[in-house]
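J.: Once you've had a glance at the structure underneath, I'll fire off some questions.
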Amino acid sequence: MTILFNITDAVGTAPNHGVTRTERRLAVNMLGQSDVRFVVVRDGRLMEADSAAVTPFLELAGDSAEPYVERFGVDPPPTTGSGSFASRARRRLGRRDRSRALPLRPVHACAEDTLVSVGLDWVHGTLDVAERHVFGTGGRFVGMCYDLIPIDHPEWLFPPDPLGFRRYIERMERVAQSIMCISEHTRRDLLRHLPSLGTERAPVVRLGADAAVSLTPAHDAFARTLFSGEPYAIYCATVDRRKNHHVLYRAMREMTNSGIRGNMVFVGRLGSGVSDLVDCLRHDRSIAGRIAHITNCDDAHLAALYRHAACAVYPSLYEGWGLGVTEALAHGTPCLVASGSSLGEAGLGVCQELPPLRTQPWVEAIAECFAQTPSLPALALPTWEAAASEILGVVAR
Amino acid sequence: MTIWYDFTTTVRNRGRSGIASVEWHVGQALLDGDPDARCFELRGRRGLVEIDRHAGLAGAVYASGAGAVAPVSIAPPTWRDDLRLALRSRLGRRADPIVRLLSAVYQLPRTVKQRGLRLRREQPRDRAPRLAELVRAGDTVISMGADWDGELASQLLDLKRRTGCSVVTMVYDLVPLTHTHLAFHNDPGLFRRYYRSIIATSDLITCISERSRADLVDFAGSEGLVMPPTAVLLLGETVTAPALEHTTERAGAFLCVGTIERRKNLELIYDALRIIESEGHSVPRVVVAGAPGWGTDDLLHEILQQSTAASRAMVLLGSVDEDTLDRLYRTARALLFPSHFEGWGLPVREAAIRGCPVAAGDSPAIREAAAGFPGATFLSSDDAGPWADYMMNPPSGAEPAPLRPWSAVATDLLAMLPSRL
């Protein structure tokens, strides 16, 4: 039996967000497994790539980059995204060229093969390929469910498409032997929508966490001097309406009014539904210079930011797992998380849970961290290696 | 001595803004009390011209309900909405010129058609008498409106130099300078020029609250300007028939009043409803009386999806007429007024005189407006938690605050005039 592991996103041009990162990390940990072959969905067809050729493409996440820092109310906003239009275009074209350079050949799949896909399958049309593999070749397919946000919370998507996503998961139920879920919370949500799936076909796979990377003095200085040595909290997530940066903005205003010193760093690209919030942040003089937004941040700079942060915060209104939380813990940074979704699970039981929309608890908890950074107990962090093994175990069932 | 009263803002805004409403009500009360008072407006290239006071009083420029606009539509967003949201999401306010350009291009056929029709009609020649030929030394010109581009202030200064009249103006707040993130224009330079011109032009500046006066004095100090005399002129309230009566039964929805704009902070109420929803309680209904404004696109997008109990609990009525507003105040469980900052807080006063409990964002001017009203509760405008708690346990009705009629405002204004000091 062979596993055909789909790495379409991992070698593609998608930004290094949660799903892509997950696919890359899992692929890296499957390299060298004799029963794993890597495949890509291209132009509606399943193509295979050599393991040796794939390796450099999976290291895209490690690209070094120069972060762009905008301290709201002090620094000018980036012209467009990060860097000029021309430089971004060059970067994008460069990436596309690299992924196109991956040598591919048609897959010769058989009934014993299992196609495993953990990427943005609703974007790439993976289910078309999966249906041909399952119903045509007689093979098997294992998919992944990250969350049910498009159905349960269409208000956070631009544009919303709840019916389209519902059709997608119903179709996945039809074709998949198993639909892996990234948390118990996500499994509950999935079974609420697909009760006929049953818990057996919806195993939970715990994602790994990236450990700290090696840093240079320059990375260290970048983080240390960000607020001239003043304490700060870090929130690493796309600046998106669902991620609820708003409560941190309100908390910073309350802290300013109360004379509490300390700052906030948002790390992540600009997403949807936050144009009003960002406009507010850029022009609110009461918090000028106290909230910084960092884009184009590579892993080394991020690790340095985590190292110097008084705490990490994750007030997201809804998460399927909370990769940012376990990564904060992996860097040894205590994390405050929002209650109400899977973030408690991702926090491995050591993160303080706070109501996401009530400002005062965040103010008090962050102020406590600024006053004295809490220490983390010894943790058995989930690893990507274990996650990859779990997936192989699911396939072997 | 003749009093000349300015209706420019009322005419331009058709009574749709708070400032226009104040200008109208003060003007109406003032003209009622002084048969010799005359009124004027700034009319394009012709400048300041007298307008017929009877035409104005008959409602030619303002009538109760004339400002009502359609409720907020819950129709699905069009491709133009999607494009606008996408552009604003990427570019922020830098997208505004692009959005305006696209909008102008899209509406070009309609604009050309309308302009064409207008040109075909015969335009009567404007024979309205110019103020410069009518105003005498010793007369008082009162302008309670606002004209940010400074043309009105410039014309008033010119009139004052030509005729020797006194000019009385009004400052509502200095939000564009003190809270730039809450101001639509986000152009401090424009407003600095505006307030400088107001200070240079006026013989008396009335302010609607002590807070606004303090902000104005601070501004003048920071700019090194010599301040003319200032006075606080508290605003009045309107109560429509039947006569004011104390309502004890308040089983209706919660009420929000005001333009749906960033400063009014309606998002905090939505978040409070989401807290109530997330805690498994029944989500109370909130009726919003106010036209959609600016800086709330993301919030409105979310509410209009109607995908959560909180969004379904919010009823966006759009702008309403005074009779409807009066009924809403009388039946509402409470007025929710989470505004970040106000020059005064007219809805707070309007609720207070009807005995409607008020939960308001804690800012100095709102405390002034609610002074003496036992039904007022002040909460943080940056924390949805206390608002959720308030909505789950709202107080019962309170003893109404005493009404301050607009005639009293007019009387106070007349007593403040430089010529009568």
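In the structure tokens, the first chain shown is A, the next is B, and so on; residue numbers restart at 1 for each chain, and ligands run from 1 in the order shown.
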Based on only C-alpha atoms, which of the residues in chain A come within 8 Å of chain B? I want them as an mmCIF file with N, CA and C atoms, in the first residue's frame.

T.:
data_model
loop_
_atom_site.group_PDB
_atom_site.id
_atom_site.type_symbol
_atom_site.label_atom_id
_atom_site.label_comp_id
_atom_site.auth_asym_id
_atom_site.auth_seq_id
_atom_site.Cartn_x
_atom_site.Cartn_y
_atom_site.Cartn_z
ATOM 1 N N THR A 80 2.012 49.052 -0.440
ATOM 2 C CA THR A 80 0.994 48.032 -0.726
ATOM 3 C C THR A 80 1.534 46.720 -0.217
ATOM 4 N N GLY A 81 0.860 46.160 0.739
ATOM 5 C CA GLY A 81 1.327 44.904 1.310
ATOM 6 C C GLY A 81 2.715 45.118 1.872
ATOM 7 N N ASP A 152 -20.690 27.736 9.590
ATOM 8 C CA ASP A 152 -21.180 28.239 10.871
ATOM 9 C C ASP A 152 -21.027 29.746 11.023
ATOM 10 N N HIS A 153 -20.036 30.299 10.364
ATOM 11 C CA HIS A 153 -19.797 31.742 10.502
ATOM 12 C C HIS A 153 -19.494 32.376 9.148
ATOM 13 N N PRO A 154 -20.464 32.378 8.260
ATOM 14 C CA PRO A 154 -20.207 32.985 6.942
ATOM 15 C C PRO A 154 -19.924 34.482 7.044
ATOM 16 N N GLU A 155 -20.306 35.065 8.167
ATOM 17 C CA GLU A 155 -20.101 36.513 8.316
ATOM 18 C C GLU A 155 -18.624 36.888 8.336
ATOM 19 N N TRP A 156 -17.753 35.909 8.533
ATOM 20 C CA TRP A 156 -16.324 36.226 8.588
ATOM 21 C C TRP A 156 -15.628 35.966 7.265
ATOM 22 N N PHE A 158 -15.249 36.703 3.081
ATOM 23 C CA PHE A 158 -15.482 37.748 2.090
ATOM 24 C C PHE A 158 -15.131 37.200 0.716
ATOM 25 N N PRO A 159 -16.059 36.835 -0.130
ATOM 26 C CA PRO A 159 -17.501 36.832 0.125
ATOM 27 C C PRO A 159 -17.899 35.519 0.797
ATOM 28 N N ARG A 250 -9.025 47.531 21.999
ATOM 29 C CA ARG A 250 -9.779 48.096 23.130
ATOM 30 C C ARG A 250 -8.994 47.949 24.428
ATOM 31 N N ALA A 251 -8.352 46.801 24.596
ATOM 32 C CA ALA A 251 -7.578 46.578 25.822
ATOM 33 C C ALA A 251 -6.439 47.583 25.923
ATOM 34 N N ARG A 253 -6.399 50.548 24.686
ATOM 35 C CA ARG A 253 -6.980 51.854 25.043
ATOM 36 C C ARG A 253 -7.278 51.911 26.543
ATOM 37 N N GLU A 254 -7.848 50.841 27.043
ATOM 38 C CA GLU A 254 -8.149 50.794 28.485
ATOM 39 C C GLU A 254 -6.859 50.881 29.295
ATOM 40 N N LEU A 270 -2.439 41.395 6.373
ATOM 41 C CA LEU A 270 -3.777 41.964 6.493
ATOM 42 C C LEU A 270 -4.776 41.069 5.787
ATOM 43 N N GLY A 271 -5.849 40.720 6.477
ATOM 44 C CA GLY A 271 -6.868 39.879 5.883
ATOM 45 C C GLY A 271 -8.118 40.673 5.559
ATOM 46 N N SER A 272 -9.255 40.067 5.789
ATOM 47 C CA SER A 272 -10.523 40.690 5.371
ATOM 48 C C SER A 272 -11.307 41.208 6.566
ATOM 49 N N GLY A 273 -12.134 42.198 6.275
ATOM 50 C CA GLY A 273 -13.081 42.679 7.288
ATOM 51 C C GLY A 273 -12.447 43.509 8.375
ATOM 52 N N VAL A 274 -11.273 44.051 8.125
ATOM 53 C CA VAL A 274 -10.598 44.823 9.170
ATOM 54 C C VAL A 274 -10.187 46.214 8.689
ATOM 55 N N SER A 275 -10.732 46.645 7.561
ATOM 56 C CA SER A 275 -10.293 47.945 7.042
ATOM 57 C C SER A 275 -10.651 49.062 8.015
ATOM 58 N N ASP A 276 -11.830 48.972 8.649
ATOM 59 C CA ASP A 276 -12.209 50.010 9.609
ATOM 60 C C ASP A 276 -11.306 49.973 10.835
ATOM 61 N N VAL A 278 -8.201 48.825 11.062
ATOM 62 C CA VAL A 278 -6.840 49.269 10.755
ATOM 63 C C VAL A 278 -6.795 50.787 10.592
ATOM 64 N N ASP A 279 -7.827 51.320 9.969
ATOM 65 C CA ASP A 279 -7.905 52.772 9.820
ATOM 66 C C ASP A 279 -7.929 53.440 11.198
ATOM 67 N N CYS A 280 -8.685 52.836 12.099
ATOM 68 C CA CYS A 280 -8.782 53.340 13.473
ATOM 69 C C CYS A 280 -7.409 53.282 14.150
ATOM 70 N N LEU A 281 -6.748 52.160 14.009
ATOM 71 C CA LEU A 281 -5.447 51.974 14.655
ATOM 72 C C LEU A 281 -4.437 53.004 14.138
ATOM 73 N N ARG A 282 -4.544 53.298 12.855
ATOM 74 C CA ARG A 282 -3.561 54.215 12.269
ATOM 75 C C ARG A 282 -3.772 55.652 12.703
ATOM 76 N N HIS A 283 -4.975 55.978 13.143
ATOM 77 C CA HIS A 283 -5.252 57.383 13.434
ATOM 78 C C HIS A 283 -5.608 57.674 14.885
ATOM 79 N N ASP A 284 -5.678 56.636 15.704
ATOM 80 C CA ASP A 284 -6.020 56.872 17.114
ATOM 81 C C ASP A 284 -4.758 57.304 17.856
ATOM 82 N N ARG A 285 -4.734 58.579 18.200
ATOM 83 C CA ARG A 285 -3.516 59.104 18.815
ATOM 84 C C ARG A 285 -3.317 58.624 20.243
ATOM 85 N N GLY A 340 -14.195 29.295 24.228
ATOM 86 C CA GLY A 340 -15.311 29.144 23.296
ATOM 87 C C GLY A 340 -15.010 28.353 22.052
ATOM 88 N N LEU A 357 -14.697 38.481 24.004
ATOM 89 C CA LEU A 357 -15.257 39.801 23.728
ATOM 90 C C LEU A 357 -15.300 40.723 24.942
ATOM 91 N N ARG A 358 -14.936 40.213 26.079
ATOM 92 C CA ARG A 358 -14.897 41.073 27.278
ATOM 93 C C ARG A 358 -13.486 41.643 27.412
ATOM 94 N N THR A 359 -13.385 42.939 27.431
ATOM 95 C CA THR A 359 -12.074 43.583 27.392
ATOM 96 C C THR A 359 -11.335 43.479 28.723
ATOM 97 N N GLN A 360 -12.058 43.689 29.823
ATOM 98 C CA GLN A 360 -11.396 43.823 31.119
ATOM 99 C C GLN A 360 -10.549 42.601 31.494
#

J.: Do you know which residues are at most 9 Å from stretch 190-192 of chain B counting only C-alpha atoms, after dropping those on the same chain fewer than 6 positions away, and could you put them as a list in words?

T.: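 Residues meeting the cut-off are Trp148, Asp149, Gly150, Leu174, Pro176, Leu177 and Phe219 of chain B.
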
J.: Just how far from atom CA of B:Glu151 is atom CA of B:Val226, in Å to one decimal?

T.: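 Separation of atom CA of B:Val226 and atom CA of B:Glu151: 21.5 Å.
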
J.: If we count only C-alpha atoms and set the cut-off at 9 Å, which residues sit around stretch 256-263 of chain A, ignoring sequence neighbours fewer than 4 positions away in its own chain? Please answer as a list in words.

T.: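 Answer for this query is Phe227, Glu230, Pro231, Tyr232, Ala233, Ile234, Ala251, Met252, Ser286, Ile287, Gly289, Arg290, Ile291, Ala292, Ile366, Ala367 and Phe370 of chain A.
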
J.: Atoms to include: N, CA, C and O atoms. Write the selected residues as a PDB file, in the first residue's frame.

T.:
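New file out.pdb:
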ATOM      1  N   PHE A 227      10.207  48.076  20.986  1.00  0.00           N
ATOM      2  CA  PHE A 227       9.553  49.100  21.807  1.00  0.00           C
ATOM      3  C   PHE A 227      10.553  49.666  22.827  1.00  0.00           C
ATOM      4  O   PHE A 227      10.190  49.960  23.961  1.00  0.00           O
ATOM      5  N   GLU A 230      10.554  48.143  26.283  1.00  0.00           N
ATOM      6  CA  GLU A 230       9.303  48.050  27.066  1.00  0.00           C
ATOM      7  C   GLU A 230       8.648  46.686  26.810  1.00  0.00           C
ATOM      8  O   GLU A 230       8.823  46.091  25.748  1.00  0.00           O
ATOM      9  N   PRO A 231       7.867  46.196  27.788  1.00  0.00           N
ATOM     10  CA  PRO A 231       7.240  44.882  27.589  1.00  0.00           C
ATOM     11  C   PRO A 231       6.176  44.929  26.484  1.00  0.00           C
ATOM     12  O   PRO A 231       5.579  45.973  26.227  1.00  0.00           O
ATOM     13  N   TYR A 232       6.000  43.802  25.856  1.00  0.00           N
ATOM     14  CA  TYR A 232       4.944  43.727  24.833  1.00  0.00           C
ATOM     15  C   TYR A 232       4.348  42.324  24.811  1.00  0.00           C
ATOM     16  O   TYR A 232       4.959  41.356  25.267  1.00  0.00           O
ATOM     17  N   ALA A 233       3.124  42.272  24.288  1.00  0.00           N
ATOM     18  CA  ALA A 233       2.467  40.990  24.040  1.00  0.00           C
ATOM     19  C   ALA A 233       2.445  40.781  22.539  1.00  0.00           C
ATOM     20  O   ALA A 233       2.423  41.749  21.768  1.00  0.00           O
ATOM     21  N   ILE A 234       2.453  39.537  22.115  1.00  0.00           N
ATOM     22  CA  ILE A 234       2.508  39.257  20.672  1.00  0.00           C
ATOM     23  C   ILE A 234       1.296  38.431  20.259  1.00  0.00           C
ATOM     24  O   ILE A 234       0.878  37.515  20.963  1.00  0.00           O
ATOM     25  N   ALA A 251      -8.352  46.801  24.596  1.00  0.00           N
ATOM     26  CA  ALA A 251      -7.578  46.578  25.822  1.00  0.00           C
ATOM     27  C   ALA A 251      -6.439  47.583  25.923  1.00  0.00           C
ATOM     28  O   ALA A 251      -6.170  48.120  27.009  1.00  0.00           O
ATOM     29  N   MET A 252      -5.794  47.863  24.804  1.00  0.00           N
ATOM     30  CA  MET A 252      -4.692  48.834  24.841  1.00  0.00           C
ATOM     31  C   MET A 252      -5.205  50.223  25.181  1.00  0.00           C
ATOM     32  O   MET A 252      -4.539  50.986  25.882  1.00  0.00           O
ATOM     33  N   SER A 286      -4.404  58.133  20.862  1.00  0.00           N
ATOM     34  CA  SER A 286      -4.265  57.710  22.256  1.00  0.00           C
ATOM     35  C   SER A 286      -3.374  56.475  22.378  1.00  0.00           C
ATOM     36  O   SER A 286      -2.802  56.235  23.437  1.00  0.00           O
ATOM     37  N   ILE A 287      -3.272  55.689  21.325  1.00  0.00           N
ATOM     38  CA  ILE A 287      -2.435  54.486  21.401  1.00  0.00           C
ATOM     39  C   ILE A 287      -1.283  54.545  20.384  1.00  0.00           C
ATOM     40  O   ILE A 287      -0.697  53.511  20.054  1.00  0.00           O
ATOM     41  N   GLY A 289       1.947  54.448  18.582  1.00  0.00           N
ATOM     42  CA  GLY A 289       3.246  53.871  18.915  1.00  0.00           C
ATOM     43  C   GLY A 289       3.185  52.676  19.838  1.00  0.00           C
ATOM     44  O   GLY A 289       4.211  52.051  20.121  1.00  0.00           O
ATOM     45  N   ARG A 290       2.000  52.333  20.321  1.00  0.00           N
ATOM     46  CA  ARG A 290       1.905  51.229  21.286  1.00  0.00           C
ATOM     47  C   ARG A 290       1.492  49.910  20.641  1.00  0.00           C
ATOM     48  O   ARG A 290       1.556  48.870  21.272  1.00  0.00           O
ATOM     49  N   ILE A 291       0.998  49.977  19.430  1.00  0.00           N
ATOM     50  CA  ILE A 291       0.653  48.741  18.718  1.00  0.00           C
ATOM     51  C   ILE A 291       1.442  48.712  17.411  1.00  0.00           C
ATOM     52  O   ILE A 291       1.391  49.673  16.636  1.00  0.00           O
ATOM     53  N   ALA A 292       2.163  47.637  17.207  1.00  0.00           N
ATOM     54  CA  ALA A 292       2.950  47.508  15.973  1.00  0.00           C
ATOM     55  C   ALA A 292       2.392  46.364  15.151  1.00  0.00           C
ATOM     56  O   ALA A 292       1.926  45.359  15.695  1.00  0.00           O
ATOM     57  N   ILE A 366      -3.154  40.669  30.700  1.00  0.00           N
ATOM     58  CA  ILE A 366      -1.965  41.187  30.001  1.00  0.00           C
ATOM     59  C   ILE A 366      -1.128  42.047  30.955  1.00  0.00           C
ATOM     60  O   ILE A 366       0.105  41.952  30.982  1.00  0.00           O
ATOM     61  N   ALA A 367      -1.823  42.865  31.752  1.00  0.00           N
ATOM     62  CA  ALA A 367      -1.095  43.722  32.707  1.00  0.00           C
ATOM     63  C   ALA A 367      -0.298  42.866  33.693  1.00  0.00           C
ATOM     64  O   ALA A 367       0.835  43.209  34.050  1.00  0.00           O
ATOM     65  N   PHE A 370       2.739  41.722  31.934  1.00  0.00           N
ATOM     66  CA  PHE A 370       3.709  42.815  31.796  1.00  0.00           C
ATOM     67  C   PHE A 370       4.452  43.034  33.117  1.00  0.00           C
ATOM     68  O   PHE A 370       5.648  43.333  33.129  1.00  0.00           O
TER      69      PHE A 370
END

J.: Which residues, written as an NGL selection string, have at least one atom at most 6 Å from stretch 158-164 of chain B, with only C-alpha atoms counted and residues fewer than 4 positions away on the same chain left out?

T.: :B and (132 or 136-137)

J.: Just N, CA and C atoms for this one: save the residues we selected as a CSV table (one decimal), in the first residue's frame.

T.:
chain,number,residue,atom,x,y,z
B,132,ALA,N,-25.0,91.8,2.4
B,132,ALA,CA,-24.1,92.9,2.6
B,132,ALA,C,-24.8,94.2,2.3
B,136,ARG,N,-26.7,96.2,8.9
B,136,ARG,CA,-26.2,97.5,9.4
B,136,ARG,C,-25.3,97.3,10.6
B,137,ALA,N,-24.5,98.3,10.8
B,137,ALA,CA,-23.6,98.2,12.0
B,137,ALA,C,-24.5,98.1,13.2

J.: Looking at B:Ala360, B:Leu300, B:Met227, B:Ala37, which one is nearest to B:Glu261, with distances taken over only C-alpha atoms?

T.: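 Ranked by minimum distance to B:Glu261, first place goes to B:Leu300.
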
J.: Can you list, as a list in words, every protein, DNA or RNA residue that comes within 9 Å of A:Val116 when you count only C-alpha atoms, leaving out same-chain residues fewer than 4 positions away?

T.: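 Contacts, in chain order: Ile3, Leu4, Phe5, Asn6, Arg140, Phe141, Val142, Gly143, Met144, Ile391 and Val395 of chain A.
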
J.: Take the residues that were just selected and, keeping C-alpha atoms, output them as a PDB file, in the first residue's frame.

T.:
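Output file part-v6.pdb follows:
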ATOM      1  CA  ILE A   3       0.302   6.826   0.341  1.00  0.00           C
ATOM      2  CA  LEU A   4      -0.041   9.555  -2.234  1.00  0.00           C
ATOM      3  CA  PHE A   5       0.493  12.675  -0.163  1.00  0.00           C
ATOM      4  CA  ASN A   6      -0.829  15.828  -1.798  1.00  0.00           C
ATOM      5  CA  ARG A 140      -8.960   5.311  -1.071  1.00  0.00           C
ATOM      6  CA  PHE A 141      -8.980   8.953  -0.056  1.00  0.00           C
ATOM      7  CA  VAL A 142      -8.351  10.560   3.322  1.00  0.00           C
ATOM      8  CA  GLY A 143      -9.170  14.244   3.730  1.00  0.00           C
ATOM      9  CA  MET A 144      -8.798  16.832   6.419  1.00  0.00           C
ATOM     10  CA  ILE A 391      -1.853  10.312   9.742  1.00  0.00           C
ATOM     11  CA  VAL A 395      -4.431   5.495   6.623  1.00  0.00           C
TER      12      VAL A 395
END

J.: Which polymer residues have any atom within 12 Å of an atom of stretch 164-171 of chain A, counting only C-alpha atoms, with same-chain residues fewer than 6 positions away left out, as a ChimeraX atom specification?

T.: /A:120-128,130-131,143-154,157,177-179,189-191,193-197

J.: Env of A:Lys243: 9 Å cut, atoms = only C-alpha atoms, seq-sep filter 4 positions within chain, self excluded. Answer as a short mmCIF file (atom, residue, chain, number, x, y, z; two decimals) with all heavy atoms, in the first residue's frame.

T.:
data_model
loop_
_atom_site.label_atom_id
_atom_site.label_comp_id
_atom_site.auth_asym_id
_atom_site.auth_seq_id
_atom_site.Cartn_x
_atom_site.Cartn_y
_atom_site.Cartn_z
N ALA A 237 -1.13 36.10 13.96
CA ALA A 237 -2.29 35.61 13.20
C ALA A 237 -2.58 36.61 12.10
O ALA A 237 -2.27 37.80 12.24
CB ALA A 237 -3.50 35.47 14.11
N THR A 238 -3.18 36.15 11.03
CA THR A 238 -3.64 37.08 10.00
C THR A 238 -4.55 38.11 10.65
O THR A 238 -5.40 37.77 11.48
CB THR A 238 -4.44 36.31 8.92
OG1 THR A 238 -3.58 35.31 8.38
CG2 THR A 238 -4.90 37.23 7.82
N VAL A 239 -4.36 39.38 10.30
CA VAL A 239 -5.23 40.42 10.86
C VAL A 239 -6.57 40.32 10.13
O VAL A 239 -6.74 40.83 9.03
CB VAL A 239 -4.61 41.82 10.71
CG1 VAL A 239 -5.48 42.86 11.37
CG2 VAL A 239 -3.22 41.84 11.32
N TYR A 314 -4.08 35.22 22.11
CA TYR A 314 -4.80 34.63 20.99
C TYR A 314 -6.30 34.76 21.26
O TYR A 314 -6.95 33.82 21.68
CB TYR A 314 -4.39 33.16 20.80
CG TYR A 314 -4.30 32.78 19.34
CD1 TYR A 314 -3.09 32.88 18.65
CD2 TYR A 314 -5.42 32.36 18.64
CE1 TYR A 314 -3.01 32.56 17.30
CE2 TYR A 314 -5.34 32.04 17.29
CZ TYR A 314 -4.13 32.14 16.64
OH TYR A 314 -4.06 31.83 15.30
N PRO A 315 -6.86 35.96 21.01
CA PRO A 315 -8.27 36.19 21.35
C PRO A 315 -9.25 35.81 20.25
O PRO A 315 -10.40 36.27 20.26
CB PRO A 315 -8.29 37.70 21.60
CG PRO A 315 -7.27 38.23 20.66
CD PRO A 315 -6.19 37.19 20.55
N SER A 316 -8.81 34.98 19.31
CA SER A 316 -9.65 34.66 18.15
C SER A 316 -11.04 34.18 18.57
O SER A 316 -11.19 33.42 19.53
CB SER A 316 -8.96 33.58 17.33
OG SER A 316 -9.79 33.19 16.27
N LEU A 317 -12.03 34.62 17.83
CA LEU A 317 -13.42 34.25 18.16
C LEU A 317 -13.70 32.79 17.86
O LEU A 317 -14.59 32.19 18.45
CB LEU A 317 -14.38 35.13 17.36
CG LEU A 317 -14.34 36.61 17.72
CD1 LEU A 317 -15.11 37.43 16.69
CD2 LEU A 317 -14.92 36.83 19.10
N TYR A 318 -12.96 32.22 16.91
CA TYR A 318 -13.19 30.82 16.58
C TYR A 318 -11.93 30.27 15.91
O TYR A 318 -11.35 30.91 15.05
CB TYR A 318 -14.38 30.67 15.62
CG TYR A 318 -14.71 29.23 15.33
CD1 TYR A 318 -15.69 28.57 16.06
CD2 TYR A 318 -14.03 28.51 14.35
CE1 TYR A 318 -15.97 27.23 15.82
CE2 TYR A 318 -14.31 27.18 14.11
CZ TYR A 318 -15.28 26.55 14.84
OH TYR A 318 -15.56 25.23 14.61
N GLU A 319 -11.55 29.08 16.31
CA GLU A 319 -10.43 28.40 15.67
C GLU A 319 -10.76 26.92 15.55
O GLU A 319 -11.46 26.36 16.41
CB GLU A 319 -9.15 28.54 16.50
CG GLU A 319 -8.53 29.92 16.48
CD GLU A 319 -8.05 30.35 15.10
OE1 GLU A 319 -7.49 29.51 14.37
OE2 GLU A 319 -8.25 31.52 14.74
#

J.: Find the distance between atom CA of A:Ser183 and atom CA of A:Leu207 and write it in Å to one decimal.

T.: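 About the pair atom CA of A:Ser183 and atom CA of A:Leu207: they are 8.7 Å apart.
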
J.: From the DSSP assignment of the backbone, select every residue of stretch 151-254 of chain B that is strand (DSSP E or B), and format the answer as a CSV table (one decimal) with N, CA, C and O atoms, in the first residue's frame.

T.:
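Final output, saved to out22.csv:
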chain,number,residue,atom,x,y,z
B,166,SER,N,-22.0,92.3,14.4
B,166,SER,CA,-21.4,91.3,15.3
B,166,SER,C,-21.7,89.9,14.8
B,166,SER,O,-22.8,89.7,14.3
B,167,VAL,N,-20.8,89.0,15.0
B,167,VAL,CA,-21.0,87.6,14.5
B,167,VAL,C,-21.0,86.7,15.7
B,167,VAL,O,-20.0,86.7,16.5
B,168,VAL,N,-22.0,85.8,15.8
B,168,VAL,CA,-22.1,84.8,16.9
B,168,VAL,C,-22.1,83.5,16.2
B,168,VAL,O,-22.8,83.2,15.3
B,169,THR,N,-21.2,82.6,16.7
B,169,THR,CA,-21.1,81.3,16.0
B,169,THR,C,-21.3,80.2,17.1
B,169,THR,O,-21.4,80.5,18.3
B,170,MET,N,-21.3,79.0,16.6
B,170,MET,CA,-21.4,77.8,17.5
B,170,MET,C,-20.3,76.8,17.3
B,170,MET,O,-20.1,76.5,16.1
B,171,VAL,N,-19.8,76.2,18.3
B,171,VAL,CA,-18.8,75.1,18.2
B,171,VAL,C,-19.4,73.9,18.9
B,171,VAL,O,-19.8,74.0,20.0
B,204,LEU,N,-18.6,86.3,19.6
B,204,LEU,CA,-19.0,85.4,20.6
B,204,LEU,C,-19.1,84.0,20.1
B,204,LEU,O,-19.7,83.8,19.0
B,205,ILE,N,-18.5,83.1,20.8
B,205,ILE,CA,-18.6,81.7,20.3
B,205,ILE,C,-19.3,80.9,21.4
B,205,ILE,O,-18.9,80.9,22.6
B,206,THR,N,-20.5,80.3,21.0
B,206,THR,CA,-21.2,79.5,22.0
B,206,THR,C,-20.8,78.1,21.8
B,206,THR,O,-20.5,77.6,20.6
B,207,CYS,N,-20.7,77.3,22.9
B,207,CYS,CA,-20.3,75.9,22.8
B,207,CYS,C,-21.4,75.1,23.5
B,207,CYS,O,-22.1,75.6,24.4
B,230,THR,N,-16.5,83.4,25.1
B,230,THR,CA,-17.2,82.1,24.8
B,230,THR,C,-18.3,81.9,25.9
B,230,THR,O,-18.2,82.5,27.0
B,231,ALA,N,-19.3,81.1,25.6
B,231,ALA,CA,-20.3,80.8,26.5
B,231,ALA,C,-20.9,79.4,26.2
B,231,ALA,O,-20.8,79.0,25.0
B,232,VAL,N,-21.3,78.8,27.2
B,232,VAL,CA,-21.9,77.4,27.0
B,232,VAL,C,-23.4,77.6,26.8
B,232,VAL,O,-24.1,78.2,27.7
B,254,PHE,N,-34.2,47.3,23.2
B,254,PHE,CA,-33.3,48.4,23.5
B,254,PHE,C,-33.1,49.3,22.3
B,254,PHE,O,-33.4,48.9,21.2

J.: Please return as a ChimeraX atom specification: the residues of stretch 166-346 of chain A that backbone DSSP assigns to alpha helix (DSSP H).

T.: /A:166-175,184-193,217-224,245-257,275-283,299-308,323-330,343-346

J.: Between atom CA of B:Glu23 and atom CA of B:Leu346, what distance in Å does the model show, to one decimal?

T.: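 It comes out at 13.4 Å.
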